[in-house]
Amino acid sequence: MNRTVTIEVKQLDRVVIRFAGDSGDGMQLTGDRFTAETASFGNDLSTLPNFPAEIRAPAGTLPGVSSFQLHFADHDILTPGDAPDVLIAMNPAALKANLKDVPRGATLIVDTADFTARNLKRIGYDENPLETGELDGYHVVPLNLTGMTVESVKEFGLTRKDASRAKNMYALGLVSWLFQRPVESTITFLQTKFASKPDIRDANIAAFRAGYNFGETAEEFSVRYEVKPAHMATGTYRNISGNLALAYGLVAGAQRAGLPLVLGAYPITPASDVLHELSKLKRFNVTTIQAEDEIAGVGAALGASFGGALGVTTSSGPGISLKSETIGLGVMLELPLVVCDIQRAGPSTGMPTKTEQADLLQVMFGRNGEAPLPVIAAQSPADCFAIAVEAARIAITYRTPVIVLSDGYLANGSEPWKIPVIEDLPTIDPDFTVEPNATDDKGAPKYLPYLRDPETLARAWAVPGTAGLDHRIGGLEKEDKTGNISYDPANHDLMIRTRQAKVDGITVPPVEVDDPDGTAKVLVLGWGSTYGPIGAAVRRVRKVGGKIAQAHLRHLNPFPSNLGDVLKSYDKVLVPEMNLGQLAMLLRAKYLVDVVSYAQVRGMPLGAAELAEVIGNLVEETEGIDDDARHLGAAAAAVKHGEALADQNGHLKTEGAR
Amino acid sequence: MSAVELGMPSLPNGLQGVPAATEPQNRKEYVSDQEVRWCPGCGDYAVLAAFQGFLPELGIKRENVAMVSGIGCSSRFPYYLSTYGMHSIHGRAPAIATGLATARPDLSVWVVTGDGDALSIGGNHLIHTLRRNVNMKILLFNNRIYGLTKGQYSPTSEPGKVTKSTPMGSVDNPFNPVSLALGAEATFVARTVDSDRKHLTSVLRAAAEHRGTAFVEIYQNCPIFNDNAFDAIKNPETRDDAIIPLVHGEPIRFGTDGHLGVVRDGFASLAVREVADLPGGESDLVVHDAHTEDPAYAFALSRLTDGGVLHQAPIGVFRSVERPAYDDLVRQQITTAQESQGTGDLQALVTGADTWTVN
């Protein structure tokens, strides 16, 4: 087949694309590959995998739909995008489940193979939506992707079922053509992944190439799109997900301290990938213990720390609940321990594969007694690396459990990462005590396990095997300095206050405020994974002339020492969170500042446009503009960030989806 | 200077990797400066004394002994020994010791626990530690009662037991700790008695020499809340007929003048019989073989223990078999990975395969 029309290449500054299909259709893999192609091309990007907790919900049903959204651009972007410009729907359920997120004007590439009356009825369509006109306003590209896939791999003699399973690669090939992605890495990937199954390998590669060639030769598409590489700071980059970055960061932290890493963990969504990644890194002196339960996971980690390793446990909210008592023991023993909470939607089992940041108060206070510990939070997938190194620094320097907060969005999402130079990371000194640090009444040398460094209040840490420093520690209240059991009232008060003072005194960098001309009256303050959406929303508000300051917390306990002054220097402080206002509660309690909480708990990242509207409205409210005279919020929400893909004729519109 | 030069015996398998003491040690060195705070007459005193007396003869460096306990009367044990110790939280000692033993092959790790700590709140950790065969020795002080909380029934209390929380008698069926450990396929399972120092010490020695998890149930009297729970096996008038002694390689024969013995009885069961009633006499008795691979034999032995009020129980090493220890295998994988892939280039790892450079 030869083309009769030439292909036009259109420049776009950004695209949001979403792959959607059955849980068994390989949409996450497809998304990962498209991401890898896009990363190697040099675009900035941000991803949002979204899948059900059920491994294989019944095929063709709405609960079984899995999707992967990718936002890529020729400029610095912060979120996976509010709304797709392109939806690839592999079946009717995928179309129905995702259509509400897709604005008219967007492109729908739909595999028509499963659009039978029976399948449609099953998900509540009485008629074929491709024929009823309900998709008017979209640029619909109906293609029998499954049929074309089967045709493209027939030489391999696979069953129809096996052959049709390569349809995700056919779709990937087509979309790779459409956006001019480099394809070599996907071919290499397929060669490696299916090396032991030559038929499947060859079929997938053939389907991928066939999809690409279909774009090239068929006349369905008269335009291809080009998104130029983004201008980023010079350096070498890779794409990385939050959980992988966290695993690497933990290893880096342990290495910079010269300690072996021991992970005790129990599988739990969305934290398990950290266990998987670390279990591959044995050559870095990493021990992973898949424990019998969450409690044993943290117990093994604490036991390893007692032995002088860096003990780490990784989990999600329900597991953190189970670990609480052992974390409290760690507070009492004053041993290093890194506890990673990859938050998910709760309470209870909640929505395991969906994101949330509602464990903040749990990790701050969810222990018996006064049991303070440091809490830090990653703000983007790549930041999980730096935050893990920071956790190791605090845990080892101050001999304390440290909570690292990530969440499902950061864990599974990915972004380009400027690869750090390991040698440039700060070293961490475990400063083990190896000799007696005091003398007894008779002047004989002795070891006091709770003698503290006057600067950090960190206790003297001697590990088993150190001659002459044997000692006993435990969960019972300690006598100051000796660590012996003590029920003395004044000693208990002293120890409670000392443990608190140690955590309060941890050195953390000041919070930085982005307030371009220093005239903003409103500060928007976030923590954790809302960094991207808040940043994108702030850009929108500024684009339409709003004055807004932004700051983001990576240290939640202790807070940066300048935070109180920062809060008090703005008329209003807006705190957007994926919970019912947990940081807002902490700020109100500590600083007596009447912060404005913006809370959304839908299991999804905050949307940039809706957040822009909230910010814009608050800015005008603070400036005294009446309700009905406000326009900033609406304008910010409607900012046209780039160009939509195509109008109904397959031609580019110059404006489009926000 | 090595232990050999001092004329000390080389360390047994269970202590391989632990540095040997360079000089002979004595009991006093293992006594800490802390005042012992158990009730007068508590069986824990006897165990502590035996343990302090036994540790020096292991011939390992004192600073390489680590005691981990949970919560309960017995879990105060580590405070009274001048070794490294952690008095942790209720039920979790085996989990914590798993991390410690895995991270530190140079330590001799001991867990001290009780019937409530190990079998109730910490039951899960116990069975998983036993199945993994982590290199640690677990001493379970079984007094069949909750002592520290002042007298509630425990998971080893006999049915019908009247306690503060069971005024009409307990309706719980108890665990037999030895049966439980064998069900988890523990590689070393023994039972001893607080008041028999010689036997206790011999069992502790055998446990220390075992590589993997050694599980030792110690019948321990609580004079305050469950006095005389083990009277049948302690009272000179009854003990000969009550204790079924397990000695590897010996026929299992006991009772006054050896009138009782253990014979095979039906499918995988054992029974106690009058030797005089047996057609073959002593030749019909089971010869104890602690190295029997199939745990069914030791399990059958364990079932000779009374489930209710104790009248008769086997004492000794039920099972001692070899199976690779979890922590040895974990460390071996690390060694293998380092031998085949090198010790790891972190810069190369974080860089990965797919990169691009912005100039």
# chains A, B, ... in the order shown; residues from 1 in each chain; ligands from 1

$ select_by_dssp --residues "range 57-233 of chain A" --states "helix (DSSP H, G or I)" --output "ChimeraX atom specification"
/A:62-64,92-99,117-122,129-132,145-152,154-156,160-164,167-178,184-193,198-217

$ select_by_dssp --residues "range 47-282 of chain B" --states "strand (DSSP E)" --output "MDAnalysis selection string"
chainID B and resid 65:69 84:87 108:114 137:142 188:193 214:219 243:246 253:254 260:264 270:274

$ residues_around --residues "range 240-251 of chain A" --least-positions-apart "6" --cutoff "7 Å" --atoms "only C-alpha atoms" --output "VMD selection string"
(chain A and resid 261 273 to 274 277 to 278 381 to 382 384 to 386 388 to 389 410 to 417) or (chain B and resid 350)

$ write_last_selection --atoms "N, CA and C atoms" --output "PDB file, in the first residue's frame"
ATOM      1  N   LEU A 261      22.968  -2.890  54.465  1.00  0.00           N
ATOM      2  CA  LEU A 261      21.527  -2.573  54.503  1.00  0.00           C
ATOM      3  C   LEU A 261      20.764  -3.869  54.740  1.00  0.00           C
ATOM      4  N   ASP A 273       7.385  -3.198  45.310  1.00  0.00           N
ATOM      5  CA  ASP A 273       8.466  -3.049  44.334  1.00  0.00           C
ATOM      6  C   ASP A 273       9.786  -2.647  44.989  1.00  0.00           C
ATOM      7  N   VAL A 274       9.718  -1.996  46.122  1.00  0.00           N
ATOM      8  CA  VAL A 274      10.975  -1.643  46.807  1.00  0.00           C
ATOM      9  C   VAL A 274      11.657  -2.927  47.286  1.00  0.00           C
ATOM     10  N   GLU A 277      13.102  -4.673  44.188  1.00  0.00           N
ATOM     11  CA  GLU A 277      14.326  -4.049  43.670  1.00  0.00           C
ATOM     12  C   GLU A 277      15.510  -4.329  44.595  1.00  0.00           C
ATOM     13  N   LEU A 278      15.289  -4.177  45.901  1.00  0.00           N
ATOM     14  CA  LEU A 278      16.401  -4.381  46.827  1.00  0.00           C
ATOM     15  C   LEU A 278      16.851  -5.835  46.841  1.00  0.00           C
ATOM     16  N   PRO A 381       8.663  11.519  42.008  1.00  0.00           N
ATOM     17  CA  PRO A 381       9.261  10.177  41.907  1.00  0.00           C
ATOM     18  C   PRO A 381      10.779  10.183  42.097  1.00  0.00           C
ATOM     19  N   ALA A 382      11.475  11.053  41.393  1.00  0.00           N
ATOM     20  CA  ALA A 382      12.940  11.063  41.497  1.00  0.00           C
ATOM     21  C   ALA A 382      13.399  11.525  42.869  1.00  0.00           C
ATOM     22  N   CYS A 384      12.386  10.622  45.571  1.00  0.00           N
ATOM     23  CA  CYS A 384      12.433   9.490  46.506  1.00  0.00           C
ATOM     24  C   CYS A 384      13.876   9.064  46.775  1.00  0.00           C
ATOM     25  N   PHE A 385      14.750   9.263  45.788  1.00  0.00           N
ATOM     26  CA  PHE A 385      16.160   8.917  45.990  1.00  0.00           C
ATOM     27  C   PHE A 385      16.772   9.807  47.071  1.00  0.00           C
ATOM     28  N   ALA A 386      16.644  11.100  46.869  1.00  0.00           N
ATOM     29  CA  ALA A 386      17.258  12.049  47.812  1.00  0.00           C
ATOM     30  C   ALA A 386      16.643  11.907  49.200  1.00  0.00           C
ATOM     31  N   ALA A 388      15.451   9.258  50.566  1.00  0.00           N
ATOM     32  CA  ALA A 388      15.950   8.039  51.222  1.00  0.00           C
ATOM     33  C   ALA A 388      17.345   8.261  51.791  1.00  0.00           C
ATOM     34  N   VAL A 389      18.176   8.984  51.045  1.00  0.00           N
ATOM     35  CA  VAL A 389      19.522   9.304  51.555  1.00  0.00           C
ATOM     36  C   VAL A 389      19.391  10.177  52.803  1.00  0.00           C
ATOM     37  N   LEU A 410       3.590   8.572  43.563  1.00  0.00           N
ATOM     38  CA  LEU A 410       5.045   8.699  43.407  1.00  0.00           C
ATOM     39  C   LEU A 410       5.681   7.339  43.126  1.00  0.00           C
ATOM     40  N   ALA A 411       5.190   6.322  43.823  1.00  0.00           N
ATOM     41  CA  ALA A 411       5.788   4.988  43.746  1.00  0.00           C
ATOM     42  C   ALA A 411       5.779   4.460  42.323  1.00  0.00           C
ATOM     43  N   ASN A 412       4.638   4.585  41.655  1.00  0.00           N
ATOM     44  CA  ASN A 412       4.475   4.013  40.324  1.00  0.00           C
ATOM     45  C   ASN A 412       4.705   5.014  39.213  1.00  0.00           C
ATOM     46  N   GLY A 413       4.582   6.304  39.536  1.00  0.00           N
ATOM     47  CA  GLY A 413       4.803   7.322  38.536  1.00  0.00           C
ATOM     48  C   GLY A 413       6.293   7.470  38.264  1.00  0.00           C
ATOM     49  N   SER A 414       6.615   8.073  37.141  1.00  0.00           N
ATOM     50  CA  SER A 414       8.037   8.237  36.814  1.00  0.00           C
ATOM     51  C   SER A 414       8.276   9.583  36.183  1.00  0.00           C
ATOM     52  N   GLU A 415       9.531   9.973  36.161  1.00  0.00           N
ATOM     53  CA  GLU A 415       9.918  11.249  35.564  1.00  0.00           C
ATOM     54  C   GLU A 415      11.404  11.185  35.223  1.00  0.00           C
ATOM     55  N   PRO A 416      11.862  12.080  34.363  1.00  0.00           N
ATOM     56  CA  PRO A 416      13.295  12.125  34.086  1.00  0.00           C
ATOM     57  C   PRO A 416      14.053  12.539  35.344  1.00  0.00           C
ATOM     58  N   TRP A 417      15.218  11.995  35.469  1.00  0.00           N
ATOM     59  CA  TRP A 417      16.025  12.235  36.670  1.00  0.00           C
ATOM     60  C   TRP A 417      17.442  12.531  36.245  1.00  0.00           C
TER      61      TRP A 417
ATOM     62  N   VAL B 350      22.674   3.280  39.514  1.00  0.00           N
ATOM     63  CA  VAL B 350      21.691   4.370  39.422  1.00  0.00           C
ATOM     64  C   VAL B 350      21.652   4.946  38.008  1.00  0.00           C
TER      65      VAL B 350
END

$ residues_around --residues "range 289-292 of chain A" --least-positions-apart "6" --cutoff "10 Å" --atoms "only C-alpha atoms" --output "PyMOL selection string"
(chain A and resi 262-267+275-276+279+298-301+313) or (chain B and resi 95+98-99+102+124-125+127-129+327+330)

$ interface_residues --of "chain B" --to "chain A" --cutoff "6 Å" --atoms "only C-alpha atoms" --output "PDB file with N, CA and C atoms, in the first residue's frame"
ATOM      1  N   GLU B  63      31.521 -10.666  74.617  1.00  0.00           N
ATOM      2  CA  GLU B  63      30.868  -9.567  73.895  1.00  0.00           C
ATOM      3  C   GLU B  63      30.197 -10.033  72.606  1.00  0.00           C
ATOM      4  N   ASN B  64      30.366 -11.308  72.282  1.00  0.00           N
ATOM      5  CA  ASN B  64      29.698 -11.822  71.089  1.00  0.00           C
ATOM      6  C   ASN B  64      28.478 -12.670  71.428  1.00  0.00           C
ATOM      7  N   TYR B  79      18.797  -8.655  81.384  1.00  0.00           N
ATOM      8  CA  TYR B  79      19.349  -7.622  82.269  1.00  0.00           C
ATOM      9  C   TYR B  79      20.367  -8.195  83.253  1.00  0.00           C
ATOM     10  N   THR B  83      26.217  -9.525  79.032  1.00  0.00           N
ATOM     11  CA  THR B  83      26.431  -9.730  77.601  1.00  0.00           C
ATOM     12  C   THR B  83      25.668  -8.604  76.917  1.00  0.00           C
ATOM     13  N   TYR B  84      25.675  -8.570  75.605  1.00  0.00           N
ATOM     14  CA  TYR B  84      24.785  -7.633  74.917  1.00  0.00           C
ATOM     15  C   TYR B  84      23.367  -8.176  75.034  1.00  0.00           C
ATOM     16  N   GLY B  85      22.409  -7.282  75.227  1.00  0.00           N
ATOM     17  CA  GLY B  85      21.048  -7.752  75.405  1.00  0.00           C
ATOM     18  C   GLY B  85      20.009  -6.743  74.974  1.00  0.00           C
ATOM     19  N   MET B  86      18.879  -7.266  74.524  1.00  0.00           N
ATOM     20  CA  MET B  86      17.737  -6.405  74.222  1.00  0.00           C
ATOM     21  C   MET B  86      16.470  -6.994  74.820  1.00  0.00           C
ATOM     22  N   HIS B  87      15.863  -6.221  75.698  1.00  0.00           N
ATOM     23  CA  HIS B  87      14.561  -6.575  76.273  1.00  0.00           C
ATOM     24  C   HIS B  87      13.535  -5.895  75.387  1.00  0.00           C
ATOM     25  N   SER B  88      12.946  -6.629  74.466  1.00  0.00           N
ATOM     26  CA  SER B  88      12.153  -5.971  73.413  1.00  0.00           C
ATOM     27  C   SER B  88      10.679  -5.886  73.794  1.00  0.00           C
ATOM     28  N   ALA B  95      11.537 -12.405  65.919  1.00  0.00           N
ATOM     29  CA  ALA B  95      11.640 -11.593  64.706  1.00  0.00           C
ATOM     30  C   ALA B  95      12.858 -10.683  64.784  1.00  0.00           C
ATOM     31  N   ILE B  96      13.037 -10.048  65.935  1.00  0.00           N
ATOM     32  CA  ILE B  96      14.175  -9.145  66.124  1.00  0.00           C
ATOM     33  C   ILE B  96      15.484  -9.945  66.056  1.00  0.00           C
ATOM     34  N   ALA B  97      15.474 -11.112  66.686  1.00  0.00           N
ATOM     35  CA  ALA B  97      16.677 -11.953  66.673  1.00  0.00           C
ATOM     36  C   ALA B  97      16.985 -12.454  65.261  1.00  0.00           C
ATOM     37  N   THR B  98      15.959 -12.612  64.446  1.00  0.00           N
ATOM     38  CA  THR B  98      16.178 -13.031  63.056  1.00  0.00           C
ATOM     39  C   THR B  98      16.998 -11.974  62.312  1.00  0.00           C
ATOM     40  N   GLY B  99      16.637 -10.709  62.501  1.00  0.00           N
ATOM     41  CA  GLY B  99      17.393  -9.634  61.864  1.00  0.00           C
ATOM     42  C   GLY B  99      18.808  -9.570  62.392  1.00  0.00           C
ATOM     43  N   LEU B 100      18.933  -9.735  63.712  1.00  0.00           N
ATOM     44  CA  LEU B 100      20.265  -9.650  64.330  1.00  0.00           C
ATOM     45  C   LEU B 100      21.152 -10.807  63.877  1.00  0.00           C
ATOM     46  N   ALA B 103      22.178 -10.414  60.254  1.00  0.00           N
ATOM     47  CA  ALA B 103      23.162  -9.351  60.031  1.00  0.00           C
ATOM     48  C   ALA B 103      24.523  -9.683  60.644  1.00  0.00           C
ATOM     49  N   ILE B 334      24.445 -13.581  49.203  1.00  0.00           N
ATOM     50  CA  ILE B 334      25.169 -12.313  49.045  1.00  0.00           C
ATOM     51  C   ILE B 334      26.586 -12.583  48.555  1.00  0.00           C
ATOM     52  N   ALA B 337      26.458 -13.597  44.943  1.00  0.00           N
ATOM     53  CA  ALA B 337      26.200 -12.443  44.078  1.00  0.00           C
ATOM     54  C   ALA B 337      27.462 -11.602  43.924  1.00  0.00           C
ATOM     55  N   GLN B 338      28.191 -11.438  45.020  1.00  0.00           N
ATOM     56  CA  GLN B 338      29.400 -10.619  44.952  1.00  0.00           C
ATOM     57  C   GLN B 338      30.504 -11.313  44.170  1.00  0.00           C
ATOM     58  N   THR B 343      31.315  -6.471  43.738  1.00  0.00           N
ATOM     59  CA  THR B 343      30.689  -5.921  44.933  1.00  0.00           C
ATOM     60  C   THR B 343      29.761  -4.746  44.645  1.00  0.00           C
ATOM     61  N   GLY B 344      29.486  -4.489  43.399  1.00  0.00           N
ATOM     62  CA  GLY B 344      28.462  -3.504  43.107  1.00  0.00           C
ATOM     63  C   GLY B 344      29.013  -2.113  42.872  1.00  0.00           C
ATOM     64  N   GLN B 347      27.273   3.789  41.184  1.00  0.00           N
ATOM     65  CA  GLN B 347      27.101   4.798  40.137  1.00  0.00           C
ATOM     66  C   GLN B 347      26.533   4.163  38.871  1.00  0.00           C
ATOM     67  N   THR B 355      19.923   6.107  29.098  1.00  0.00           N
ATOM     68  CA  THR B 355      20.163   7.480  29.530  1.00  0.00           C
ATOM     69  C   THR B 355      20.199   8.401  28.329  1.00  0.00           C
ATOM     70  N   TRP B 356      20.079   9.669  28.555  1.00  0.00           N
ATOM     71  CA  TRP B 356      20.319  10.658  27.518  1.00  0.00           C
ATOM     72  C   TRP B 356      21.004  11.858  28.152  1.00  0.00           C
ATOM     73  N   THR B 357      21.740  12.535  27.324  1.00  0.00           N
ATOM     74  CA  THR B 357      22.552  13.628  27.854  1.00  0.00           C
ATOM     75  C   THR B 357      22.094  14.957  27.261  1.00  0.00           C
ATOM     76  N   VAL B 358      21.937  15.920  28.115  1.00  0.00           N
ATOM     77  CA  VAL B 358      21.591  17.278  27.682  1.00  0.00           C
ATOM     78  C   VAL B 358      22.847  18.137  27.791  1.00  0.00           C
ATOM     79  N   ASN B 359      23.242  18.733  26.665  1.00  0.00           N
ATOM     80  CA  ASN B 359      24.468  19.540  26.682  1.00  0.00           C
ATOM     81  C   ASN B 359      24.151  21.024  26.834  1.00  0.00           C
TER      82      ASN B 359
END

$ residues_around --residues "Leu556 in chain A" --least-positions-apart "4" --cutoff "8 Å" --atoms "only C-alpha atoms" --output "PyMOL selection string"
chain A and resi 374-377+560

$ closest_residue --among "B:Ser108, B:Thr335, B:Ser165, B:Thr305" --to "Pro19 in chain B" --atoms "only C-alpha atoms"
B:Ser108

$ residues_around --residues "range 243-251 of chain B" --least-positions-apart "2" --cutoff "6 Å" --atoms "only C-alpha atoms" --output "ChimeraX atom specification"
/B:233,239-241,253,285-290,312-316

$ residues_around --residues "Leu120 in chain A" --least-positions-apart "5" --cutoff "9 Å" --atoms "only C-alpha atoms" --output "PyMOL selection string"
chain A and resi 92-93+114-115+125-129

$ decode --residues "range 473-517 of chain A" --atoms "C-alpha atoms" --output "PDB file, in the first residue's frame"
ATOM      1  CA  ILE A 473      18.664  -1.958  76.423  1.00  0.00           C
ATOM      2  CA  GLY A 474      14.932  -2.383  76.187  1.00  0.00           C
ATOM      3  CA  GLY A 475      11.506  -0.867  76.011  1.00  0.00           C
ATOM      4  CA  LEU A 476      11.329  -0.064  79.714  1.00  0.00           C
ATOM      5  CA  GLU A 477      12.085   3.518  80.649  1.00  0.00           C
ATOM      6  CA  LYS A 478      15.774   4.203  80.805  1.00  0.00           C
ATOM      7  CA  GLU A 479      17.763   5.907  83.435  1.00  0.00           C
ATOM      8  CA  ASP A 480      19.569   8.904  81.978  1.00  0.00           C
ATOM      9  CA  LYS A 481      23.051   7.993  80.803  1.00  0.00           C
ATOM     10  CA  THR A 482      23.213   4.416  82.153  1.00  0.00           C
ATOM     11  CA  GLY A 483      20.189   3.103  80.295  1.00  0.00           C
ATOM     12  CA  ASN A 484      19.275   0.990  83.300  1.00  0.00           C
ATOM     13  CA  ILE A 485      15.600   0.425  84.076  1.00  0.00           C
ATOM     14  CA  SER A 486      14.212   3.400  85.951  1.00  0.00           C
ATOM     15  CA  TYR A 487      10.798   4.232  87.377  1.00  0.00           C
ATOM     16  CA  ASP A 488      12.001   7.492  88.864  1.00  0.00           C
ATOM     17  CA  PRO A 489       9.408  10.233  88.168  1.00  0.00           C
ATOM     18  CA  ALA A 490      11.909  12.994  87.512  1.00  0.00           C
ATOM     19  CA  ASN A 491      14.032  10.756  85.305  1.00  0.00           C
ATOM     20  CA  HIS A 492      10.991   9.798  83.224  1.00  0.00           C
ATOM     21  CA  ASP A 493      10.131  13.457  82.712  1.00  0.00           C
ATOM     22  CA  LEU A 494      13.728  14.168  81.739  1.00  0.00           C
ATOM     23  CA  MET A 495      13.917  11.286  79.285  1.00  0.00           C
ATOM     24  CA  ILE A 496      10.576  12.170  77.663  1.00  0.00           C
ATOM     25  CA  ARG A 497      11.730  15.743  77.171  1.00  0.00           C
ATOM     26  CA  THR A 498      15.176  14.695  76.006  1.00  0.00           C
ATOM     27  CA  ARG A 499      13.817  12.363  73.318  1.00  0.00           C
ATOM     28  CA  GLN A 500      11.520  15.165  72.177  1.00  0.00           C
ATOM     29  CA  ALA A 501      14.356  17.700  72.189  1.00  0.00           C
ATOM     30  CA  LYS A 502      16.507  15.352  70.128  1.00  0.00           C
ATOM     31  CA  VAL A 503      13.892  15.128  67.386  1.00  0.00           C
ATOM     32  CA  ASP A 504      13.060  18.838  67.608  1.00  0.00           C
ATOM     33  CA  GLY A 505      16.726  19.653  67.215  1.00  0.00           C
ATOM     34  CA  ILE A 506      17.349  17.699  64.040  1.00  0.00           C
ATOM     35  CA  THR A 507      19.025  19.923  61.474  1.00  0.00           C
ATOM     36  CA  VAL A 508      16.760  20.428  58.486  1.00  0.00           C
ATOM     37  CA  PRO A 509      17.184  22.932  55.682  1.00  0.00           C
ATOM     38  CA  PRO A 510      14.969  26.041  55.698  1.00  0.00           C
ATOM     39  CA  VAL A 511      11.833  25.955  53.590  1.00  0.00           C
ATOM     40  CA  GLU A 512      12.311  27.939  50.403  1.00  0.00           C
ATOM     41  CA  VAL A 513       9.552  30.180  49.152  1.00  0.00           C
ATOM     42  CA  ASP A 514       8.999  30.834  45.482  1.00  0.00           C
ATOM     43  CA  ASP A 515       7.518  34.332  45.433  1.00  0.00           C
ATOM     44  CA  PRO A 516       8.874  35.928  42.239  1.00  0.00           C
ATOM     45  CA  ASP A 517       8.439  39.612  43.057  1.00  0.00           C
TER      46      ASP A 517
END
